[in-house]
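Undergrad: For reference, the file input28.pdb (PDB, C-alpha atoms) is included below:
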ATOM      1  CA  MET A   1     -22.195 -23.837  27.680
ATOM      2  CA  PRO A   2     -22.854 -27.115  25.841
ATOM      3  CA  VAL A   3     -19.489 -28.920  25.495
ATOM      4  CA  ILE A   4     -19.499 -31.155  22.419
ATOM      5  CA  GLU A   5     -16.808 -33.813  22.134
ATOM      6  CA  ILE A   6     -15.727 -34.485  18.538
ATOM      7  CA  SER A   7     -13.613 -37.285  17.130
ATOM      8  CA  SER A   8     -13.671 -36.078  13.531
ATOM      9  CA  LEU A   9     -13.562 -32.709  11.785
ATOM     10  CA  SER A  10     -16.620 -33.792   9.813
ATOM     11  CA  HIS A  11     -18.753 -33.504  12.950
ATOM     12  CA  PRO A  12     -21.879 -31.364  12.259
ATOM     13  CA  GLY A  13     -21.305 -27.750  13.236
ATOM     14  CA  VAL A  14     -17.518 -27.880  12.903
ATOM     15  CA  GLU A  15     -17.489 -27.194   9.150
ATOM     16  CA  MET A  16     -17.140 -23.448   9.707
ATOM     17  CA  PHE A  17     -13.742 -24.069  11.281
ATOM     18  CA  CYS A  18     -12.281 -26.528   8.812
ATOM     19  CA  THR A  19     -14.082 -27.068   5.498
ATOM     20  CA  LEU A  20     -15.498 -23.698   4.417
ATOM     21  CA  THR A  21     -13.270 -21.529   2.228
ATOM     22  CA  GLU A  22     -12.686 -17.865   3.034
ATOM     23  CA  ALA A  23     -15.104 -16.924   0.242
ATOM     24  CA  GLN A  24     -17.769 -19.211   1.717
ATOM     25  CA  LEU A  25     -17.203 -17.770   5.168
ATOM     26  CA  ARG A  26     -17.686 -14.251   3.802
ATOM     27  CA  ASN A  27     -20.954 -15.346   2.148
ATOM     28  CA  ARG A  28     -21.101 -12.634  -0.484
ATOM     29  CA  ILE A  29     -24.617 -13.649  -1.530
ATOM     30  CA  GLU A  30     -25.948 -13.005   1.984
ATOM     31  CA  PRO A  31     -23.330 -10.827   3.730
ATOM     32  CA  ASP A  32     -25.414 -10.532   6.894
ATOM     33  CA  LYS A  33     -24.896 -14.290   7.395
ATOM     34  CA  GLY A  34     -21.136 -14.180   6.884
ATOM     35  CA  ILE A  35     -18.708 -15.309   9.569
ATOM     36  CA  PHE A  36     -14.987 -15.153  10.252
ATOM     37  CA  ILE A  37     -12.589 -17.169  12.385
ATOM     38  CA  VAL A  38     -10.442 -15.759  15.192
ATOM     39  CA  GLU A  39      -7.492 -17.635  16.648
ATOM     40  CA  SER A  40      -5.846 -17.408  20.103
ATOM     41  CA  PRO A  41      -7.332 -16.189  23.401
ATOM     42  CA  LYS A  42      -5.747 -12.722  23.238
ATOM     43  CA  VAL A  43      -7.106 -11.967  19.767
ATOM     44  CA  ILE A  44     -10.519 -13.460  20.582
ATOM     45  CA  THR A  45     -10.701 -11.267  23.681
ATOM     46  CA  ARG A  46      -9.944  -8.174  21.592
ATOM     47  CA  ALA A  47     -12.772  -9.092  19.219
ATOM     48  CA  LEU A  48     -15.200  -9.571  22.111
ATOM     49  CA  ASP A  49     -14.104  -6.270  23.678
ATOM     50  CA  ALA A  50     -14.814  -4.584  20.340
ATOM     51  CA  GLY A  51     -18.369  -5.931  20.368
ATOM     52  CA  PHE A  52     -18.157  -8.725  17.802
ATOM     53  CA  GLU A  53     -20.749 -11.502  18.147
ATOM     54  CA  PRO A  54     -19.364 -15.005  18.872
ATOM     55  CA  LEU A  55     -21.094 -18.041  17.365
ATOM     56  CA  ALA A  56     -19.093 -21.107  18.440
ATOM     57  CA  ILE A  57     -15.769 -22.108  19.984
ATOM     58  CA  LEU A  58     -13.362 -24.900  19.091
ATOM     59  CA  CYS A  59     -10.562 -25.736  21.502
ATOM     60  CA  GLU A  60      -8.447 -28.468  23.025
ATOM     61  CA  HIS A  61      -9.746 -30.261  26.106
ATOM     62  CA  LYS A  62      -7.268 -28.619  28.480
ATOM     63  CA  HIS A  63      -8.196 -25.091  27.398
ATOM     64  CA  ILE A  64     -11.824 -25.402  28.523
ATOM     65  CA  THR A  65     -10.647 -24.833  32.085
ATOM     66  CA  GLY A  66      -7.430 -23.097  31.014
ATOM     67  CA  ASP A  67      -6.725 -20.417  28.392
ATOM     68  CA  ALA A  68     -10.286 -20.464  27.029
ATOM     69  CA  SER A  69     -12.125 -20.425  30.357
ATOM     70  CA  ASP A  70     -12.690 -16.647  30.533
ATOM     71  CA  ILE A  71     -13.772 -16.534  26.893
ATOM     72  CA  ILE A  72     -16.214 -19.396  27.359
ATOM     73  CA  GLU A  73     -17.678 -17.675  30.406
ATOM     74  CA  ARG A  74     -18.122 -14.415  28.465
ATOM     75  CA  CYS A  75     -19.754 -16.167  25.512
ATOM     76  CA  GLY A  76     -22.559 -17.698  27.527
ATOM     77  CA  ASN A  77     -24.562 -20.572  26.069
ATOM     78  CA  LEU A  78     -22.584 -21.108  22.870
ATOM     79  CA  PRO A  79     -21.511 -24.535  21.609
ATOM     80  CA  VAL A  80     -17.934 -25.402  22.594
ATOM     81  CA  TYR A  81     -16.499 -28.088  20.352
ATOM     82  CA  THR A  82     -13.516 -29.916  21.795
ATOM     83  CA  GLY A  83     -11.132 -32.634  20.714
ATOM     84  CA  SER A  84      -7.580 -33.836  21.018
ATOM     85  CA  ARG A  85      -4.550 -31.678  20.254
ATOM     86  CA  GLU A  86      -3.650 -34.011  17.375
ATOM     87  CA  LEU A  87      -7.118 -33.784  15.824
ATOM     88  CA  LEU A  88      -7.261 -30.014  15.958
ATOM     89  CA  ALA A  89      -3.745 -29.737  14.523
ATOM     90  CA  THR A  90      -5.043 -31.285  11.297
ATOM     91  CA  LEU A  91      -7.062 -28.110  10.698
ATOM     92  CA  THR A  92      -3.976 -26.255   9.508
ATOM     93  CA  GLY A  93      -1.191 -28.834   9.527
ATOM     94  CA  TYR A  94       0.321 -27.402  12.704
ATOM     95  CA  VAL A  95      -0.638 -27.100  16.344
ATOM     96  CA  LEU A  96      -3.114 -24.251  16.784
ATOM     97  CA  THR A  97      -1.960 -21.062  18.463
ATOM     98  CA  ARG A  98      -2.903 -21.612  22.097
ATOM     99  CA  GLY A  99      -5.433 -24.187  20.867
ATOM    100  CA  VAL A 100      -8.515 -21.931  20.711
ATOM    101  CA  LEU A 101     -10.655 -20.826  17.743
ATOM    102  CA  CYS A 102     -13.821 -18.740  17.782
ATOM    103  CA  ALA A 103     -16.292 -18.291  14.930
ATOM    104  CA  MET A 104     -17.849 -14.813  14.888
ATOM    105  CA  ARG A 105     -20.545 -12.986  12.973
ATOM    106  CA  ARG A 106     -19.344 -10.538  10.349
ATOM    107  CA  PRO A 107     -20.347  -6.957  11.125
ATOM    108  CA  ALA A 108     -22.420  -4.848   8.766
ATOM    109  CA  VAL A 109     -20.308  -2.970   6.223
ATOM    110  CA  ARG A 110     -19.859   0.655   7.248
ATOM    111  CA  SER A 111     -19.918   3.621   4.903
ATOM    112  CA  MET A 112     -16.740   5.480   4.016
ATOM    113  CA  GLU A 113     -18.217   8.679   5.423
ATOM    114  CA  GLU A 114     -18.909   7.018   8.767
ATOM    115  CA  VAL A 115     -15.466   5.459   9.058
ATOM    116  CA  CYS A 116     -13.660   8.686   8.125
ATOM    117  CA  ARG A 117     -15.750  11.042  10.252
ATOM    118  CA  GLU A 118     -13.474  13.150  12.493
ATOM    119  CA  ALA A 119     -10.389  11.291  11.205
ATOM    120  CA  ARG A 120      -7.139  13.183  10.664
ATOM    121  CA  ARG A 121      -4.977  10.380   9.269
ATOM    122  CA  ILE A 122      -6.274   7.449   7.249
ATOM    123  CA  VAL A 123      -4.656   4.847   5.004
ATOM    124  CA  VAL A 124      -5.958   3.585   1.670
ATOM    125  CA  ILE A 125      -4.811   0.034   0.871
ATOM    126  CA  ASP A 126      -4.900  -0.375  -2.904
ATOM    127  CA  GLY A 127      -4.662  -3.897  -4.317
ATOM    128  CA  VAL A 128      -2.679  -5.505  -1.478
ATOM    129  CA  VAL A 129      -3.606  -9.193  -1.540
ATOM    130  CA  ASP A 130      -1.073 -10.750   0.837
ATOM    131  CA  THR A 131      -2.733 -11.611   4.154
ATOM    132  CA  THR A 132       0.473 -11.101   6.138
ATOM    133  CA  ASN A 133       0.947  -7.607   4.724
ATOM    134  CA  ILE A 134      -2.657  -6.671   5.486
ATOM    135  CA  GLY A 135      -2.289  -7.816   9.089
ATOM    136  CA  ALA A 136       1.033  -5.999   9.492
ATOM    137  CA  ILE A 137      -0.339  -2.757   8.016
ATOM    138  CA  PHE A 138      -3.246  -2.816  10.461
ATOM    139  CA  ARG A 139      -0.885  -3.469  13.360
ATOM    140  CA  SER A 140       1.243  -0.458  12.413
ATOM    141  CA  ALA A 141      -1.876   1.650  11.817
ATOM    142  CA  ALA A 142      -3.065   0.934  15.349
ATOM    143  CA  ALA A 143       0.383   1.594  16.829
ATOM    144  CA  PHE A 144       0.911   4.959  15.113
ATOM    145  CA  GLY A 145      -2.548   6.452  15.525
ATOM    146  CA  ILE A 146      -4.070   5.975  12.073
ATOM    147  CA  ASP A 147      -7.763   6.755  12.500
ATOM    148  CA  ALA A 148      -9.247   4.590   9.737
ATOM    149  CA  VAL A 149      -8.394   2.173   6.923
ATOM    150  CA  LEU A 150     -10.026   2.031   3.483
ATOM    151  CA  LEU A 151      -9.420  -0.923   1.162
ATOM    152  CA  THR A 152     -10.045  -1.242  -2.559
ATOM    153  CA  ARG A 153     -12.171  -4.249  -3.479
ATOM    154  CA  ASN A 154      -9.168  -6.039  -5.014
ATOM    155  CA  SER A 155      -7.393  -6.062  -1.641
ATOM    156  CA  CYS A 156      -7.363  -8.912   0.855
ATOM    157  CA  ASP A 157     -10.180  -9.141   3.379
ATOM    158  CA  PRO A 158      -8.983  -7.847   6.787
ATOM    159  CA  LEU A 159     -11.099 -10.519   8.482
ATOM    160  CA  ASN A 160      -9.235 -13.294   6.713
ATOM    161  CA  ARG A 161      -8.111 -15.666   9.458
ATOM    162  CA  ARG A 162      -4.383 -15.195   8.851
ATOM    163  CA  ALA A 163      -4.708 -11.411   8.486
ATOM    164  CA  VAL A 164      -6.523 -11.261  11.824
ATOM    165  CA  ARG A 165      -3.835 -13.379  13.483
ATOM    166  CA  VAL A 166      -0.915 -11.356  12.070
ATOM    167  CA  SER A 167      -2.628  -8.113  13.098
ATOM    168  CA  MET A 168      -2.899  -9.409  16.685
ATOM    169  CA  GLY A 169      -6.530  -8.321  16.629
ATOM    170  CA  THR A 170      -5.868  -4.706  15.655
ATOM    171  CA  VAL A 171      -8.308  -5.180  12.756
ATOM    172  CA  PHE A 172     -10.901  -4.873  15.532
ATOM    173  CA  LEU A 173      -9.416  -1.641  16.882
ATOM    174  CA  VAL A 174      -8.991   0.486  13.737
ATOM    175  CA  PRO A 175     -12.240   1.327  11.872
ATOM    176  CA  TRP A 176     -12.171   0.118   8.256
ATOM    177  CA  THR A 177     -14.362  -0.363   5.228
ATOM    178  CA  TRP A 178     -14.237  -0.941   1.477
ATOM    179  CA  MET A 179     -13.592   1.942  -0.913
ATOM    180  CA  ASP A 180     -15.534   1.817  -4.170
ATOM    181  CA  GLY A 181     -14.861   5.316  -5.486
ATOM    182  CA  SER A 182     -11.724   7.259  -6.360
ATOM    183  CA  LEU A 183      -9.299   9.494  -4.485
ATOM    184  CA  SER A 184     -11.401  12.496  -5.453
ATOM    185  CA  ASP A 185     -14.101  11.186  -3.109
ATOM    186  CA  LEU A 186     -11.647  11.634  -0.244
ATOM    187  CA  GLY A 187     -11.143  15.233  -1.295
ATOM    188  CA  LYS A 188     -14.853  15.791  -0.761
ATOM    189  CA  LEU A 189     -14.352  14.588   2.812
ATOM    190  CA  GLY A 190     -11.565  17.097   3.368
ATOM    191  CA  PHE A 191      -8.546  14.845   2.836
ATOM    192  CA  ARG A 192      -5.400  15.584   0.874
ATOM    193  CA  THR A 193      -4.017  12.377  -0.616
ATOM    194  CA  VAL A 194      -0.450  11.103  -0.399
ATOM    195  CA  ALA A 195       0.494   8.399  -2.916
ATOM    196  CA  MET A 196       3.488   6.345  -1.763
ATOM    197  CA  ALA A 197       5.374   5.757  -5.026
ATOM    198  CA  LEU A 198       8.938   5.537  -6.360
ATOM    199  CA  THR A 199       8.695   8.169  -9.084
ATOM    200  CA  ASP A 200      10.996  10.942 -10.218
ATOM    201  CA  ASN A 201       8.433  13.667  -9.458
ATOM    202  CA  SER A 202       7.977  12.641  -5.824
ATOM    203  CA  ILE A 203       8.858  14.598  -2.698
ATOM    204  CA  SER A 204      10.564  13.203   0.389
ATOM    205  CA  ILE A 205       8.377  11.828   3.138
ATOM    206  CA  ASP A 206      10.003  14.271   5.564
ATOM    207  CA  ASP A 207       8.934  17.329   3.551
ATOM    208  CA  PRO A 208       7.556  19.733   6.197
ATOM    209  CA  VAL A 209       4.504  20.606   4.091
ATOM    210  CA  LEU A 210       3.046  17.154   4.763
ATOM    211  CA  VAL A 211       2.772  17.383   8.531
ATOM    212  CA  THR A 212       0.978  20.717   8.275
ATOM    213  CA  GLU A 213      -1.958  19.117   6.461
ATOM    214  CA  PRO A 214      -4.903  18.736   8.856
ATOM    215  CA  GLN A 215      -6.250  15.635   7.073
ATOM    216  CA  LEU A 216      -4.110  13.176   5.119
ATOM    217  CA  ALA A 217      -4.957   9.934   3.308
ATOM    218  CA  ILE A 218      -1.856   7.766   2.828
ATOM    219  CA  VAL A 219      -2.266   5.537  -0.224
ATOM    220  CA  MET A 220      -0.296   2.258  -0.215
ATOM    221  CA  GLY A 221       0.039  -0.008  -3.255
ATOM    222  CA  THR A 222       0.792  -3.670  -3.723
ATOM    223  CA  GLU A 223       4.195  -5.356  -3.804
ATOM    224  CA  GLY A 224       5.807  -5.373  -7.233
ATOM    225  CA  ASP A 225       3.693  -3.070  -9.396
ATOM    226  CA  GLY A 226       2.886  -0.532  -6.691
ATOM    227  CA  LEU A 227       0.077   1.943  -7.258
ATOM    228  CA  PRO A 228      -1.666   2.247 -10.648
ATOM    229  CA  PRO A 229      -0.437   5.254 -12.702
ATOM    230  CA  GLU A 230      -3.917   6.812 -12.685
ATOM    231  CA  THR A 231      -3.993   6.706  -8.868
ATOM    232  CA  ILE A 232      -0.589   8.380  -8.653
ATOM    233  CA  ALA A 233      -1.713  11.056 -11.117
ATOM    234  CA  GLU A 234      -4.831  11.779  -9.075
ATOM    235  CA  ALA A 235      -3.016  12.182  -5.730
ATOM    236  CA  ASP A 236      -2.287  15.605  -4.232
ATOM    237  CA  TYR A 237       1.229  14.538  -3.255
ATOM    238  CA  VAL A 238       3.528  11.766  -4.494
ATOM    239  CA  VAL A 239       5.912  10.761  -1.729
ATOM    240  CA  ARG A 240       8.860   8.420  -1.445
ATOM    241  CA  ILE A 241      10.909   7.167   1.494
ATOM    242  CA  PRO A 242      14.621   8.013   1.084
ATOM    243  CA  MET A 243      16.693   4.823   0.926
ATOM    244  CA  SER A 244      20.309   3.779   0.508
ATOM    245  CA  PRO A 245      21.703   3.661  -3.052
ATOM    246  CA  GLY A 246      20.895   0.438  -4.839
ATOM    247  CA  VAL A 247      17.780  -0.316  -2.770
ATOM    248  CA  ASP A 248      14.680   0.147  -4.904
ATOM    249  CA  SER A 249      11.887  -0.376  -2.393
ATOM    250  CA  LEU A 250      10.697  -1.443   1.026
ATOM    251  CA  ASN A 251       8.247  -4.218   1.740
ATOM    252  CA  VAL A 252       4.802  -2.596   1.786
ATOM    253  CA  ALA A 253       4.274  -3.467   5.456
ATOM    254  CA  ALA A 254       7.612  -1.897   6.420
ATOM    255  CA  ALA A 255       6.936   1.138   4.223
ATOM    256  CA  ALA A 256       3.553   1.560   5.896
ATOM    257  CA  ALA A 257       5.140   1.632   9.359
ATOM    258  CA  VAL A 258       7.628   4.311   8.255
ATOM    259  CA  ALA A 259       4.905   6.361   6.548
ATOM    260  CA  PHE A 260       2.498   6.190   9.477
ATOM    261  CA  TRP A 261       5.197   7.320  11.899
ATOM    262  CA  GLN A 262       6.507  10.146   9.729
ATOM    263  CA  LEU A 263       3.089  11.444   8.652
ATOM    264  CA  ARG A 264       1.323  11.075  11.974
ATOM    265  CA  ALA A 265      -0.972  13.908  12.984
ATOM    266  CA  PRO A 266       0.587  16.673  15.107
ATOM    267  CA  GLN A 267      -0.227  16.367  18.797
ATOM    268  CA  SER A 268      -2.319  19.076  20.430
ATOM    269  CA  PRO A 269      -0.258  21.400  22.643
TER     270      PRO A 269
END
What does this structure look like when you write it as structure tokens?

TA:
Amino acid sequence: MPVIEISSLSHPGVEMFCTLTEAQLRNRIEPDKGIFIVESPKVITRALDAGFEPLAILCEHKHITGDASDIIERCGNLPVYTGSRELLATLTGYVLTRGVLCAMRRPAVRSMEEVCREARRIVVIDGVVDTTNIGAIFRSAAAFGIDAVLLTRNSCDPLNRRAVRVSMGTVFLVPWTWMDGSLSDLGKLGFRTVAMALTDNSISIDDPVLVTEPQLAIVMGTEGDGLPPETIAEADYVVRIPMSPGVDSLNVAAAAAVAFWQLRAPQSP
């Protein structure tokens, strides 16, 4: 492992950690050259366990033989950039979580058919742009046995650095991909669709008919406007979570956790 001491964040090779925007990291022109940034040893380890390819490491001096030592050993002959705690804190304006960052290669985009194969419960994230919500939805999806996640193109990238951190690396555990078609495409794959929406023609999330469905796609909309009317109209079921009088909605991340728990697939006897 070549250890490279830096005294400035303008040091060649460090730009991927501090000067490139999320759009530049994604590299939409050449997606196969895109990268993403993972923060903290635990989350980096989850990414490595899931088979993601590391490219470079940035960490504080003390973590080379401390929290980052196992990661560095696993990564082989990759460049390890290191500097003072104060220098690295200028990356984000606060001290880095456990002082370790890893740049990784973006994986090839998977097809919807591949991601959904053999799945019984999936979630469709429609237009959710908040990175914290994306990370929280993935964390709940992993906890409650959701088999796959589909995202509309106007949703936040799950490999956004903050989304990865909030998810605690569960974006590496739950298969996901982008969804370019409509809900009817899910019907062709055998799924019945459940639109989470506060409408008068909805049924309760605890309606027994829902848990009898062998394959369900739970469709979650953005904060504020929720799901588009055309998406609600296309869904097989429109479902709402019963709430106390005077409360008009749950945060989408909280609603996702409730929905995933209530609509989880029945366990085999």

Undergrad: Run the PyMOL selection byres ((chain A and resi 203-205) around 9) against the file shown and list the residues it catches, as a list of chain:residue names.

TA: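 On this input, the PyMOL selection byres ((chain A and resi 203-205) around 9) captures A:Met196, A:Asp200, A:Asn201, A:Ser202, A:Asp206, A:Asp207, A:Pro208, A:Leu210, A:Tyr237, A:Val238, A:Val239, A:Arg240, A:Ile241, A:Pro242, A:Ala259, A:Gln262, A:Leu263.
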
Undergrad: Quick one: of A:Thr177, A:Ser244, A:Ser10, A:Asn251, who's nearest to A:Glu114, counting all atoms listed in the file?

TA: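 For A:Glu114, the nearest of the given residues is A:Thr177.
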
Undergrad: Taking the file as shown, what set of residues would the PyMOL selection byres ((chain A and resi 159) around 10) give back, as a ChimeraX atom specification?

TA: /A:22,26,35-38,106,131,134-135,156-158,160-165,167,169,171-172

Undergrad: What gap, in Å, lies between atom CA of A:His61 and atom CA of A:Ala47?

TA: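 Pair atom CA of A:His61 / atom CA of A:Ala47 returns 22.5 Å.
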
Undergrad: Smallest atom-to-atom distance to A:Val43: which of A:Ile71, A:Leu151, A:Pro214, A:Val194, using only C-alpha atoms?

TA: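 Among the listed residues, A:Ile71 lies closest to A:Val43.
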
Undergrad: Using all atoms listed in the file, pick whichever of A:Leu25, A:Met16, A:Met168, A:Ile125 has the shortest atom-to-atom distance to A:Lys42.

TA: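 Closest candidate: A:Met168.
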
Undergrad: Identify, on the basis of only C-alpha atoms, every residue whose closest approach to A:Tyr81 does not exceed 8 Å; exclude the query and any residue fewer than 5 positions from it along the same chain; express the result as a list in words.

TA: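 The filter keeps Val3, Ile4, Glu5, Ile6, Val14, Ala56, Ile57, Leu58 and Cys59 of chain A.
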
Undergrad: From the options A:Gly226, A:Leu150, A:Leu173, A:Leu87, which residue's atoms come nearest to A:His11, counting only C-alpha atoms?

TA: A:Leu87

Undergrad: Separation of atom CA of A:Cys116 and atom CA of A:Phe52, in Å?

TA: 20.4 Å

Undergrad: Could you jot down the atom CA of A:Pro107 to atom CA of A:Val174 separation for me, Å, one decimal place?

TA: 13.8 Å

Undergrad: So, with all atoms listed in the file as the atoms that count, which of A:Leu48, A:Leu189, A:Ala136, A:Ile232 lies closest to A:Val252?

TA: A:Ala136

Undergrad: With only C-alpha atoms as the atoms that count, which of A:Pro266, A:Gly99, A:Pro228, A:Pro245 lies nearest to A:Phe144?

TA: A:Pro266

Undergrad: Name the residues that the PyMOL selection byres ((chain A and resi 76) around 12) picks from the file above, as a VMD selection string, using the file's chain letters and numbers.

TA: chain A and resid 1 to 3 53 to 57 69 to 75 77 to 80

Undergrad: Can you list, as a PyMOL selection string, every protein, DNA or RNA residue that comes within 7 Å of A:Ala142 when you count all atoms listed in the file, leaving out same-chain residues fewer than 4 positions away?

TA: chain A and resi 138+146+170+174

Undergrad: Within 7 Å of A:Val100, counting only C-alpha atoms, which residues qualify if same-chain residues fewer than 6 places away don't, as a PyMOL selection string?

TA: chain A and resi 39-41+58-60+68

Undergrad: Those selected residues, please, written with C-alpha atoms and delivered as a PDB file, in the coordinates of the input.

TA:
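Below is the file out.pdb, written as the result:
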ATOM      1  CA  GLU A  39      -7.492 -17.635  16.648  1.00  0.00           C
ATOM      2  CA  SER A  40      -5.846 -17.408  20.103  1.00  0.00           C
ATOM      3  CA  PRO A  41      -7.332 -16.189  23.401  1.00  0.00           C
ATOM      4  CA  LEU A  58     -13.362 -24.900  19.091  1.00  0.00           C
ATOM      5  CA  CYS A  59     -10.562 -25.736  21.502  1.00  0.00           C
ATOM      6  CA  GLU A  60      -8.447 -28.468  23.025  1.00  0.00           C
ATOM      7  CA  ALA A  68     -10.286 -20.464  27.029  1.00  0.00           C
TER       8      ALA A  68
END

Undergrad: Specify the axis-aligned box that encloses all atoms of stretch 131-139 of chain A listed in the file after padding of 5 Å on each side, stating its centre and edge lengths in Å to one decimal as AutoDock Vina command-line options.

TA:
--center_x -1.1 --center_y -7.2 --center_z 8.8 --size_x 14.3 --size_y 18.9 --size_z 19.2
